[in-house]
Amino acid sequence: MSEVKPIFQPNKAFAKEARIKNMCEYQDLQDFATEDYEGFWDHFAKEKINWMEPYHTVLDESEAPFVKWFDGGKLNASVQCVDRHLTERKNKTAIIFEGDRGDKQYITYLSLSQSVNRMANLLKTKFGVKKGDRVVIYMPMIPEAAYAMLACARLGAIHSIVFGGFSSEALKDRIEDADAKVVITADGAYRKGKPYLLKPVVDAALEGNTPVEKVLVVERNHEDITWVAGRDYSYNELIDNESHYCDAEPMDSEDPLFLLYTSGSTGKPKGVQHNTAGYILWAQMTMEWVFDVKENDTYWCTADIGWITGHTYIVYGPLAMGATTIMFEGVPTYPDAGRPWKMVEEHKINQFYTAPTAIRVLHKMGEEEPSKYDLSSLKVLGTVGEPIDPPAWKWYYEAVGNSKCAIVDTYWQTETGGHVVSPLPGATPIKPACATFPLPGIMAEVVDDLGNKTAPGEQGLLCITRPWPSQIRNVWGDKERYVKSYFGDVVKDGKPVYFSGDGAIMDEDGYITITGRTDDVINVSGHRMGTAEVEAAIKKSSDVAEVAVVGKPHEIKGEGIFAYVVLKNEENLGELVDTMQAINNIIKKEIGNIALCDDIVFVPGLPKTRSGKIMRRILRAIAKGEAITQDTSTLEDPGVVSQIESCVKNGTCK
Ligand code: WT7
């Protein structure tokens, strides 16, 4: 049985004004979807989207799991996010930018429109970008990153944002997989008061054969960078010559809007493909329901645009609904751990959305900081990316939210496009650290391997049994991987259903608690990391014979990366520190700093079954310091377990 958790009722005054005011209204919406699934989505698609041409079919499942939503319809995501606000919200602030060093820009919808149109014209006329082309965006958190996304959307080009923390090798892989012809980047940006560079990473990624023809460089910090003639162009020099209007390409509902690479259970990242209509619809609907942003509110999501949270909840969702969204270049602990609270006070932020790992850092480094600022504007606090632990939840609720804000623990994934299981701030009685109920329209269930619902309190698999508009449409260039990754395992009514890869428990009240990944994907500071990806990088070291990587609980990051390494030449043991350094350097080069190992242990062998499969469960238990209770008799060499345990204990490693 799961533990009994206290319940926090929604704030009454807030609920009165909320879009969904109570659980009856929630249930009505969910009943609408259950009874007339297509009618439900048809209703919202008509209400929310500015269609250039109407669709003829709400949902086409004839080639499931390849589904089509709103087939026949035409629209453009940049029109949905910008043009349609140019009447009533022309002078409303769309984006508030705050730089690392405190510099600010207030960008109205009119000015956003001009910037997006000019960037679209530049890409079209100077670089020949057209519908269907792939454009890689490798940018810091500056407004031009949002302009770049929307400019691509305007032309029908498919953007693929690569997080600025990824290395040149990782960037190169993603550029090549998407066959991108243009990269948009910046010279660099500012972090903790100092300039850093991005452009050299792009230069390294484009060495040798590359599909990239042109690079557009936004000059943010004016540091010295190399310019390649005929390939690299300065945005700052060109942009003023471009006109303020560029026709928006009429896109089919199912034309791709963007790709975003994410980790899976093999060494190669997956290009998650989201298409236009379904994605933008759900981005907008969840923005409205889950954050309940009002016309004069200011909303801040601290994510980076390099992750799906930045796509859906900094750019597409807030702008589609006509909100004011904050973009912050810096880090939450600079100049001190009061920075976010200072920003909340200054900008009178009403909704604040961040990751549990950030909450843990802010708690640890600045427990008293929230009390120094006026945080009374806050109404909704959000978390995303990993399960939030109760102490972090409590501090967030009490110290930041003054025990009056709803905390929405939003569960979703790169593949789901938007929230799928989450509290509604005016309706859902909240149990701390619990994602609560599926959102209206989302048919999420906790099931066993056979697709049967699990009993209350029992661990199961989180599945979504009906297609939904913002779901992943394909793994770029690899239909088979799409089907195998998400629709292989669980069957309901004879049909494969979407399996999230996460375990979950539904309690006796129907509340869903996410228990974490059931595959070889680990969650480091809310970022997804494939253990196979890290292993593939480590294997590039000529000293390494074998490697297995697992996750280990980490106080701040949620999970840390723990690597068991078998060296080719054990006589090298004297130089282990150098070898460790060399391994981390390889990871830095192949993936980036986000994948550096917290622990590297050199071991004589790995626990393998007779068929050669590594028993990761054992390695996970050893990393956690747990005693091995499982049966090791199926191992080829059961003795290796105690050897590994003593390597970990003796710290031949750290
Ligand atoms: C994985 C998805 C979704 C945006 C950020 C990460 C974990 C996400 C929660 C939550 C518990 C969560 C899951 C999921 N996750 N939100 N509220 N509670 N776990 O996107 O990189 O695609 O990672 O993050 O394990 O599968 P992502």
# chains A, B, ... in the order shown; residues from 1 in each chain; ligands from 1
>>> residues_near_ligand(ligand="ligand 1", cutoff="7 Å", atoms="only C-alpha atoms and all ligand atoms", output="ChimeraX atom specification")
/A:262,307-309,383-388,409-415,435,500-502,514-517,523,526-528
>>> residues_around(residues="Trp393 of chain A", least_positions_apart="2", cutoff="9 Å", atoms="only C-alpha atoms", output="list in words")
Pro356, Ile359, Ile388, Asp389, Pro390, Pro391, Trp395, Tyr396, Tyr397, Glu398, Ile407, Pro432 and Ala433 of chain A
>>> write_last_selection(atoms="N, CA, C and O atoms", output="PDB file, in the first residue's frame")
ATOM      1  N   PRO A 356      12.758  20.341 -10.001  1.00  0.00           N
ATOM      2  CA  PRO A 356      13.101  19.996  -8.613  1.00  0.00           C
ATOM      3  C   PRO A 356      14.581  20.192  -8.299  1.00  0.00           C
ATOM      4  O   PRO A 356      14.936  20.635  -7.209  1.00  0.00           O
ATOM      5  N   ILE A 359      15.100  23.666  -7.387  1.00  0.00           N
ATOM      6  CA  ILE A 359      14.517  23.952  -6.065  1.00  0.00           C
ATOM      7  C   ILE A 359      15.468  23.458  -4.969  1.00  0.00           C
ATOM      8  O   ILE A 359      15.719  24.155  -3.985  1.00  0.00           O
ATOM      9  N   ILE A 388       9.497  15.150  -7.500  1.00  0.00           N
ATOM     10  CA  ILE A 388      10.018  16.102  -6.501  1.00  0.00           C
ATOM     11  C   ILE A 388       9.963  15.420  -5.133  1.00  0.00           C
ATOM     12  O   ILE A 388       8.984  14.754  -4.799  1.00  0.00           O
ATOM     13  N   ASP A 389      11.032  15.596  -4.365  1.00  0.00           N
ATOM     14  CA  ASP A 389      11.084  14.947  -3.056  1.00  0.00           C
ATOM     15  C   ASP A 389      10.337  15.805  -2.036  1.00  0.00           C
ATOM     16  O   ASP A 389      10.319  17.032  -2.134  1.00  0.00           O
ATOM     17  N   PRO A 390       9.731  15.176  -1.022  1.00  0.00           N
ATOM     18  CA  PRO A 390       8.899  15.929  -0.075  1.00  0.00           C
ATOM     19  C   PRO A 390       9.588  17.111   0.602  1.00  0.00           C
ATOM     20  O   PRO A 390       8.956  18.169   0.716  1.00  0.00           O
ATOM     21  N   PRO A 391      10.861  17.042   1.033  1.00  0.00           N
ATOM     22  CA  PRO A 391      11.450  18.249   1.668  1.00  0.00           C
ATOM     23  C   PRO A 391      11.514  19.443   0.704  1.00  0.00           C
ATOM     24  O   PRO A 391      11.232  20.577   1.094  1.00  0.00           O
ATOM     25  N   TRP A 395       9.456  23.112   1.181  1.00  0.00           N
ATOM     26  CA  TRP A 395      10.106  24.431   1.156  1.00  0.00           C
ATOM     27  C   TRP A 395       9.510  25.303   0.049  1.00  0.00           C
ATOM     28  O   TRP A 395       9.231  26.489   0.236  1.00  0.00           O
ATOM     29  N   TYR A 396       9.302  24.687  -1.099  1.00  0.00           N
ATOM     30  CA  TYR A 396       8.710  25.400  -2.251  1.00  0.00           C
ATOM     31  C   TYR A 396       7.319  25.923  -1.860  1.00  0.00           C
ATOM     32  O   TYR A 396       6.986  27.084  -2.079  1.00  0.00           O
ATOM     33  N   TYR A 397       6.535  25.067  -1.252  1.00  0.00           N
ATOM     34  CA  TYR A 397       5.158  25.415  -0.893  1.00  0.00           C
ATOM     35  C   TYR A 397       5.130  26.507   0.180  1.00  0.00           C
ATOM     36  O   TYR A 397       4.419  27.506   0.039  1.00  0.00           O
ATOM     37  N   GLU A 398       5.956  26.325   1.218  1.00  0.00           N
ATOM     38  CA  GLU A 398       5.884  27.242   2.363  1.00  0.00           C
ATOM     39  C   GLU A 398       6.721  28.507   2.166  1.00  0.00           C
ATOM     40  O   GLU A 398       6.211  29.616   2.295  1.00  0.00           O
ATOM     41  N   ILE A 407       0.765  24.046  -6.163  1.00  0.00           N
ATOM     42  CA  ILE A 407       1.964  23.512  -6.815  1.00  0.00           C
ATOM     43  C   ILE A 407       1.521  22.496  -7.853  1.00  0.00           C
ATOM     44  O   ILE A 407       0.872  21.502  -7.521  1.00  0.00           O
ATOM     45  N   PRO A 432       1.236  16.174  -1.926  1.00  0.00           N
ATOM     46  CA  PRO A 432       2.596  16.603  -2.232  1.00  0.00           C
ATOM     47  C   PRO A 432       3.355  15.567  -3.043  1.00  0.00           C
ATOM     48  O   PRO A 432       3.233  14.367  -2.802  1.00  0.00           O
ATOM     49  N   ALA A 433       4.146  16.088  -3.985  1.00  0.00           N
ATOM     50  CA  ALA A 433       5.028  15.254  -4.794  1.00  0.00           C
ATOM     51  C   ALA A 433       4.254  14.190  -5.570  1.00  0.00           C
ATOM     52  O   ALA A 433       4.677  13.052  -5.691  1.00  0.00           O
TER      53      ALA A 433
END
>>> residues_around(residues="Lys130 of chain A", least_positions_apart="3", cutoff="6 Å", atoms="only C-alpha atoms", output="NGL selection string")
:A and (133 or 155 or 157)
>>> residues_around(residues="Glu368 of chain A", least_positions_apart="4", cutoff="12 Å", atoms="only C-alpha atoms", output="mmCIF file with N, CA, C and O atoms, in the first residue's frame")
data_model
loop_
_atom_site.group_PDB
_atom_site.id
_atom_site.type_symbol
_atom_site.label_atom_id
_atom_site.label_comp_id
_atom_site.auth_asym_id
_atom_site.auth_seq_id
_atom_site.Cartn_x
_atom_site.Cartn_y
_atom_site.Cartn_z
ATOM 1 N N ASP A 336 23.517 35.537 -6.507
ATOM 2 C CA ASP A 336 23.343 34.709 -5.308
ATOM 3 C C ASP A 336 22.043 33.924 -5.454
ATOM 4 O O ASP A 336 21.322 34.086 -6.441
ATOM 5 N N ALA A 337 21.750 33.089 -4.481
ATOM 6 C CA ALA A 337 20.594 32.202 -4.590
ATOM 7 C C ALA A 337 19.266 32.931 -4.350
ATOM 8 O O ALA A 337 18.220 32.306 -4.183
ATOM 9 N N GLY A 338 19.319 34.270 -4.335
ATOM 10 C CA GLY A 338 18.082 35.039 -4.237
ATOM 11 C C GLY A 338 17.648 35.548 -5.608
ATOM 12 O O GLY A 338 16.594 36.180 -5.745
ATOM 13 N N TRP A 341 14.070 35.034 -6.835
ATOM 14 C CA TRP A 341 13.062 35.719 -6.006
ATOM 15 C C TRP A 341 13.110 37.227 -6.240
ATOM 16 O O TRP A 341 12.085 37.903 -6.218
ATOM 17 N N LEU A 362 18.395 25.893 -4.734
ATOM 18 C CA LEU A 362 17.997 27.170 -4.141
ATOM 19 C C LEU A 362 17.704 27.017 -2.653
ATOM 20 O O LEU A 362 18.004 27.900 -1.848
ATOM 21 N N HIS A 363 17.150 25.885 -2.292
ATOM 22 C CA HIS A 363 16.861 25.584 -0.890
ATOM 23 C C HIS A 363 18.167 25.476 -0.111
ATOM 24 O O HIS A 363 18.359 26.102 0.922
ATOM 25 N N LYS A 364 19.081 24.692 -0.663
ATOM 26 C CA LYS A 364 20.343 24.438 0.026
ATOM 27 C C LYS A 364 21.194 25.716 0.137
ATOM 28 O O LYS A 364 21.764 25.997 1.178
ATOM 29 N N LYS A 372 13.342 37.495 1.871
ATOM 30 C CA LYS A 372 13.872 38.854 1.677
ATOM 31 C C LYS A 372 13.151 39.611 0.569
ATOM 32 O O LYS A 372 13.448 40.764 0.303
ATOM 33 N N TYR A 373 12.281 38.931 -0.149
ATOM 34 C CA TYR A 373 11.635 39.566 -1.310
ATOM 35 C C TYR A 373 10.119 39.498 -1.190
ATOM 36 O O TYR A 373 9.577 38.647 -0.474
ATOM 37 N N TRP A 395 9.456 23.112 1.181
ATOM 38 C CA TRP A 395 10.106 24.431 1.156
ATOM 39 C C TRP A 395 9.510 25.303 0.049
ATOM 40 O O TRP A 395 9.231 26.489 0.236
ATOM 41 N N TYR A 396 9.302 24.687 -1.099
ATOM 42 C CA TYR A 396 8.710 25.400 -2.251
ATOM 43 C C TYR A 396 7.319 25.923 -1.860
ATOM 44 O O TYR A 396 6.986 27.084 -2.079
ATOM 45 N N GLU A 398 5.956 26.325 1.218
ATOM 46 C CA GLU A 398 5.884 27.242 2.363
ATOM 47 C C GLU A 398 6.721 28.507 2.166
ATOM 48 O O GLU A 398 6.211 29.616 2.295
ATOM 49 N N ALA A 399 8.013 28.326 1.851
ATOM 50 C CA ALA A 399 8.909 29.487 1.816
ATOM 51 C C ALA A 399 8.701 30.324 0.551
ATOM 52 O O ALA A 399 8.740 31.541 0.588
ATOM 53 N N VAL A 400 8.477 29.648 -0.572
ATOM 54 C CA VAL A 400 8.303 30.404 -1.821
ATOM 55 C C VAL A 400 6.826 30.777 -2.013
ATOM 56 O O VAL A 400 6.498 31.916 -2.325
#
>>> closest_residue(among="A:Ile96, A:Cys81, A:Ala277, A:Val549", to="Trp468 of chain A", atoms="only C-alpha atoms")
A:Ala277
